[in-house]
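Engineer: Here it is, the structure in full.
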Amino acid sequence: MILANLNSSFDGFLGVFSMASFILVAALVLDRLLGEPKTWHPLIWFGRWVDLCRKHIQLPLDASLSRQRMVGVLAWLVAVLPWGMILLALFWLLPSWLDTLLSVVVLYFAIGWQSLREHALAIYQPLSVSPLSAEKLDEARLAVSYIVSRDTQNLDESSVAKAGIESVLENGSDAIFAPIFWFILFGAPGVLLYRLANTLDAMWGYKTESLLHFGWFAARFDDVLNYIPARLVVYTYGACGKWHSAIRSARRPSARWKSPNAGPVMAAGAGALGIQLGGEAPYFGKVETRPILGEGDLPTPRHLKEAIWLVDKSVILWGLVICLLV
């Protein structure tokens, strides 16, 4: 009797996991075929809701540090929880086939694989023209300015490629693999929580005077949610590139630069590609000296294309592993 119950429970688990594999593949295919919506996106509505929450909840800057942080936690909960409750209510009310369709849609909107590829290719394509003209270099500078926060107006060819590679490697973890990780663990509610938390970090997680304490929880919670996925991405980049170089680079003390997650991911990606990232970069009119990440050659436009392919191979590897586990 006990053995029969265990077998039944195991079969049920496999059935759920098999459905998760189907939903994942469907969402990835949708993302590659359709990309990110060009004129509207649910996160735009969420961003407006977040701005409204901050406007009505944030305290004046002369409030105590502890009160600002407590209010930041409250604002985070007000911004996120209603959407999670709506999603759970839909799952409770809808028939099972619509639950599956809803899960595909939620995961599709949470994944940014094709969008990341399009931004990266917009940088690579003008740089790939030989000889490189000033006009094409300006085109690449403009394209990279859309996905990085550094000053791009005076970057040379290698610096543009480096900025693009760093963004591809880091955002590969945040925009693709972390959503998949939380979906596999907790389904559509898990991926929704992750994507909203990640968006709040992007909006409130800055160390400016107005957000340093108010956005403290948003930044720290995003770090927690990305911690395990980022470590998995380190090993994934290594498996899809130069393994020893990737793991060695991710374990160096310099890889802890910037954040507990972004540094190791970029270092592993750089090692997997056999290049050096980091170093000097201009931010807001000042040159910031960052530690060297990875090992090997200085980045070139060719390495930017290889970084795109590294992320593509990593997505395929994750998909195969998840499907084959069944």
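Ligands are numbered from 1 in the order shown, residues from 1 within each chain, and chains are lettered A, B, ... in the order they appear in the structure tokens.
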Could you name the residues that touch Trp40 of chain A at 12 Å or less, counting only C-alpha atoms, but leaving out those on the same chain fewer than 6 positions away, as JSON, numbers by chain?

Structural biologist: {"A": [46, 47, 109]}

Engineer: Hey, what's within 7 Å of segment 124-141 of chain A if we count only C-alpha atoms and toss same-chain stuff fewer than 2 positions away? As a ChimeraX atom specification, please?

Structural biologist: /A:120-122,143-145,152-153,157,160,301,304-305

Engineer: Please provide as a list in words all residues within 10 Å of Cys323 of chain A, with the sequence filter that same-chain residues fewer than 4 positions apart are discarded (counting only C-alpha atoms).

Structural biologist: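 The residues that qualify are Phe17, Ser18, Met19, Ala20, Ser21, Phe22, Leu24, Val25, Leu317, Trp318 and Gly319 of chain A.
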
Engineer: Which residues are close to segment 30-34 of chain A, i.e. within 10 Å by only C-alpha atoms, leaving aside same-chain residues fewer than 3 positions away? Reply as a PyMOL selection string.

Structural biologist: chain A and resi 24-27+37-38+104-105+107-115+117

Engineer: Please return, as a VMD selection string, all residues of segment 62-167 of chain A that DSSP assigns to helix (DSSP H, G or I) on the basis of the backbone.

Structural biologist: chain A and resid 65 to 93 96 to 110 113 to 127 134 to 145 157 to 167

Engineer: Neighbouring residues of Val80 of chain A were defined as those with any atom within 8 Å, considering only C-alpha atoms; residues of the same chain fewer than 6 positions away were excluded. Please report them as a PyMOL selection string.

Structural biologist: chain A and resi 193+196-197

Engineer: Deliver the residues from the most recent selection as a file, using all heavy atoms, as a tab-separated table (two decimals), in the first residue's frame.

Structural biologist:
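Below you can see part_28.tsv, which holds the result:
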```tsv
chain	number	residue	atom	x	y	z
A	193	LEU	N	7.15	36.30	-9.59
A	193	LEU	CA	7.82	36.93	-8.44
A	193	LEU	C	9.22	37.36	-8.81
A	193	LEU	O	9.65	38.49	-8.50
A	193	LEU	CB	7.86	35.95	-7.26
A	193	LEU	CG	8.70	36.40	-6.06
A	193	LEU	CD1	8.06	37.60	-5.39
A	193	LEU	CD2	8.87	35.26	-5.06
A	196	LEU	N	9.19	40.46	-11.36
A	196	LEU	CA	8.78	41.72	-10.72
A	196	LEU	C	9.86	42.20	-9.75
A	196	LEU	O	10.16	43.40	-9.69
A	196	LEU	CB	7.45	41.54	-10.00
A	196	LEU	CG	6.25	41.17	-10.87
A	196	LEU	CD1	4.97	41.19	-10.04
A	196	LEU	CD2	6.11	42.11	-12.07
A	197	ALA	N	10.47	41.28	-9.00
A	197	ALA	CA	11.54	41.65	-8.08
A	197	ALA	C	12.75	42.19	-8.83
A	197	ALA	O	13.37	43.17	-8.42
A	197	ALA	CB	11.94	40.45	-7.23
```

Engineer: So which one's closest to Leu277 of chain A, A:Ile180, A:Leu212, A:Ile165, A:Leu155? Using only C-alpha atoms, please.

Structural biologist: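 For Leu277 of chain A, the nearest of the given residues is A:Ile165.
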
Engineer: Which value, in Å to one decimal, gives the distance between atom CA of Asp201 of chain A and atom CA of Tyr227 of chain A?

Structural biologist: 14.2 Å

Engineer: Find the residues around Ala250 of chain A up to 7 Å (only C-alpha atoms counted), leave out those fewer than 6 positions away in its own chain, and share them as a list in words.

Structural biologist: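 The contact residues come out as Pro264, Ala267 and Ala268 of chain A.
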
Engineer: Write down as a count of residues only the residues of segment 193-323 of chain A whose backbone DSSP state falls under strand (DSSP E).

Structural biologist: 17

Engineer: Closest to Phe214 of chain A among A:Leu200, A:Ala89, A:Ile275, A:Val191, using only C-alpha atoms?

Structural biologist: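 Of A:Leu200, A:Ala89, A:Ile275, A:Val191, the one nearest Phe214 of chain A is A:Leu200, counting only C-alpha atoms.
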
Engineer: May I ask for the distance between atom CA of Asp222 of chain A and atom CA of Val315 of chain A, given in Å to one decimal place?

Structural biologist: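 One can read the atom CA of Asp222 of chain A to atom CA of Val315 of chain A distance as 21.5 Å.
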
Engineer: Write out as a list of chain:residue names which residues come within 10 Å of Glu166 of chain A when counting only C-alpha atoms, dropping same-chain ones fewer than 2 positions away.

Structural biologist: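 In the requested format, the answer is A:Val148, A:Ala161, A:Lys162, A:Ala163, A:Gly164, A:Val168, A:Leu169, A:Glu170, A:Asn171, A:Gly172, A:Ala262, A:Gly263, A:Val265, A:Met266, A:Ala267, A:Gly269, A:Ala270, A:Leu277, A:Gly278, A:Leu293, A:Leu304, A:Ala307.
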
Engineer: Any chance you could export the current selection's N, CA, C and O atoms as a compact mmCIF listing (two decimals), in the first residue's frame?

Structural biologist:
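The new file result.txt reads:
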```
# COMPACT_ATOMS: atom_id res chain seq x y z
N VAL A 148 23.77 49.54 -21.60
CA VAL A 148 24.76 49.74 -20.53
C VAL A 148 24.57 51.13 -19.94
O VAL A 148 23.96 52.01 -20.57
N ALA A 161 32.91 46.66 -27.96
CA ALA A 161 32.71 45.22 -27.93
C ALA A 161 32.71 44.70 -26.49
O ALA A 161 31.88 43.86 -26.12
N LYS A 162 33.62 45.22 -25.67
CA LYS A 162 33.70 44.79 -24.27
C LYS A 162 32.42 45.13 -23.52
O LYS A 162 31.89 44.29 -22.77
N ALA A 163 31.91 46.34 -23.71
CA ALA A 163 30.67 46.73 -23.03
C ALA A 163 29.52 45.83 -23.45
O ALA A 163 28.70 45.41 -22.62
N GLY A 164 29.45 45.51 -24.74
CA GLY A 164 28.39 44.64 -25.23
C GLY A 164 28.52 43.23 -24.67
O GLY A 164 27.52 42.62 -24.27
N VAL A 168 25.82 41.22 -22.35
CA VAL A 168 25.26 39.94 -22.81
C VAL A 168 25.43 38.87 -21.75
O VAL A 168 24.49 38.13 -21.41
N LEU A 169 26.62 38.76 -21.18
CA LEU A 169 26.90 37.72 -20.19
C LEU A 169 26.10 37.93 -18.92
O LEU A 169 25.50 36.98 -18.38
N GLU A 170 26.08 39.17 -18.43
CA GLU A 170 25.35 39.45 -17.18
C GLU A 170 23.85 39.29 -17.36
O GLU A 170 23.16 38.65 -16.56
N ASN A 171 23.31 39.88 -18.43
CA ASN A 171 21.87 39.83 -18.65
C ASN A 171 21.40 38.44 -19.08
O ASN A 171 20.23 38.12 -18.93
N GLY A 172 22.32 37.63 -19.61
CA GLY A 172 21.96 36.26 -19.89
C GLY A 172 21.49 35.56 -18.62
O GLY A 172 20.52 34.80 -18.63
N ALA A 262 26.69 39.32 -10.43
CA ALA A 262 27.13 39.78 -11.74
C ALA A 262 28.62 39.51 -11.97
O ALA A 262 29.02 39.10 -13.06
N GLY A 263 29.45 39.73 -10.95
CA GLY A 263 30.88 39.54 -11.11
C GLY A 263 31.26 38.11 -11.48
O GLY A 263 31.95 37.89 -12.49
N VAL A 265 29.43 35.78 -12.80
CA VAL A 265 28.86 35.43 -14.10
C VAL A 265 29.71 36.01 -15.23
O VAL A 265 30.04 35.30 -16.20
N MET A 266 30.06 37.29 -15.13
CA MET A 266 30.87 37.91 -16.19
C MET A 266 32.27 37.32 -16.24
O MET A 266 32.84 37.11 -17.32
N ALA A 267 32.84 37.03 -15.06
CA ALA A 267 34.17 36.43 -15.02
C ALA A 267 34.17 35.05 -15.67
O ALA A 267 35.06 34.71 -16.46
N GLY A 269 32.00 33.93 -17.90
CA GLY A 269 31.78 34.10 -19.33
C GLY A 269 33.04 34.54 -20.05
O GLY A 269 33.35 34.05 -21.14
N ALA A 270 33.78 35.47 -19.41
CA ALA A 270 35.03 35.93 -20.02
C ALA A 270 36.03 34.78 -20.12
O ALA A 270 36.69 34.60 -21.15
N LEU A 277 37.69 40.95 -19.50
CA LEU A 277 36.71 42.01 -19.37
C LEU A 277 37.07 42.86 -18.16
O LEU A 277 38.10 42.68 -17.54
N GLY A 278 36.20 43.81 -17.81
CA GLY A 278 36.51 44.71 -16.70
C GLY A 278 37.50 45.77 -17.13
O GLY A 278 37.52 46.20 -18.29
N LEU A 293 38.46 40.79 -15.28
CA LEU A 293 37.67 39.57 -15.19
C LEU A 293 38.04 38.66 -16.34
O LEU A 293 38.12 39.10 -17.49
N LEU A 304 32.22 39.34 -29.37
CA LEU A 304 30.83 39.67 -29.07
C LEU A 304 29.89 38.66 -29.71
O LEU A 304 28.93 38.19 -29.07
N ALA A 307 30.04 35.57 -27.73
CA ALA A 307 29.29 35.69 -26.48
C ALA A 307 27.81 35.40 -26.71
O ALA A 307 27.16 34.74 -25.88
```

Engineer: Can you work out which one of A:Asp51, A:Lys242, A:Val311, A:Trp216 has the shortest atom-to-atom distance to Asp174 of chain A, counting only C-alpha atoms?

Structural biologist: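 Nearest to Asp174 of chain A: A:Val311.
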
Engineer: Which one of A:Gly296, A:Gly215, A:Gly205, A:Gly35 sits closest to Met70 of chain A if you count only C-alpha atoms?

Structural biologist: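 Counting only C-alpha atoms, the residue closest to Met70 of chain A is A:Gly215.
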
Engineer: Find, counting only C-alpha atoms, the residue in A:Ile292, A:Ala202, A:Ala239, A:Leu88 that gets nearest to Glu280 of chain A.

Structural biologist: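 Nearest to Glu280 of chain A: A:Ile292.
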
Engineer: Between A:Leu116, A:Ala188, A:Ala255, A:Ala281, which one has atoms that come closest to Met85 of chain A, using only C-alpha atoms?

Structural biologist: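 Using only C-alpha atoms, Met85 of chain A sits closest to A:Ala188.
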
Engineer: Kindly give the distance, in Å, that separates atom CA of Ile44 of chain A and atom CA of Ala79 of chain A, rounded to a single decimal.

Structural biologist: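 These atoms are spaced 13.3 Å apart.
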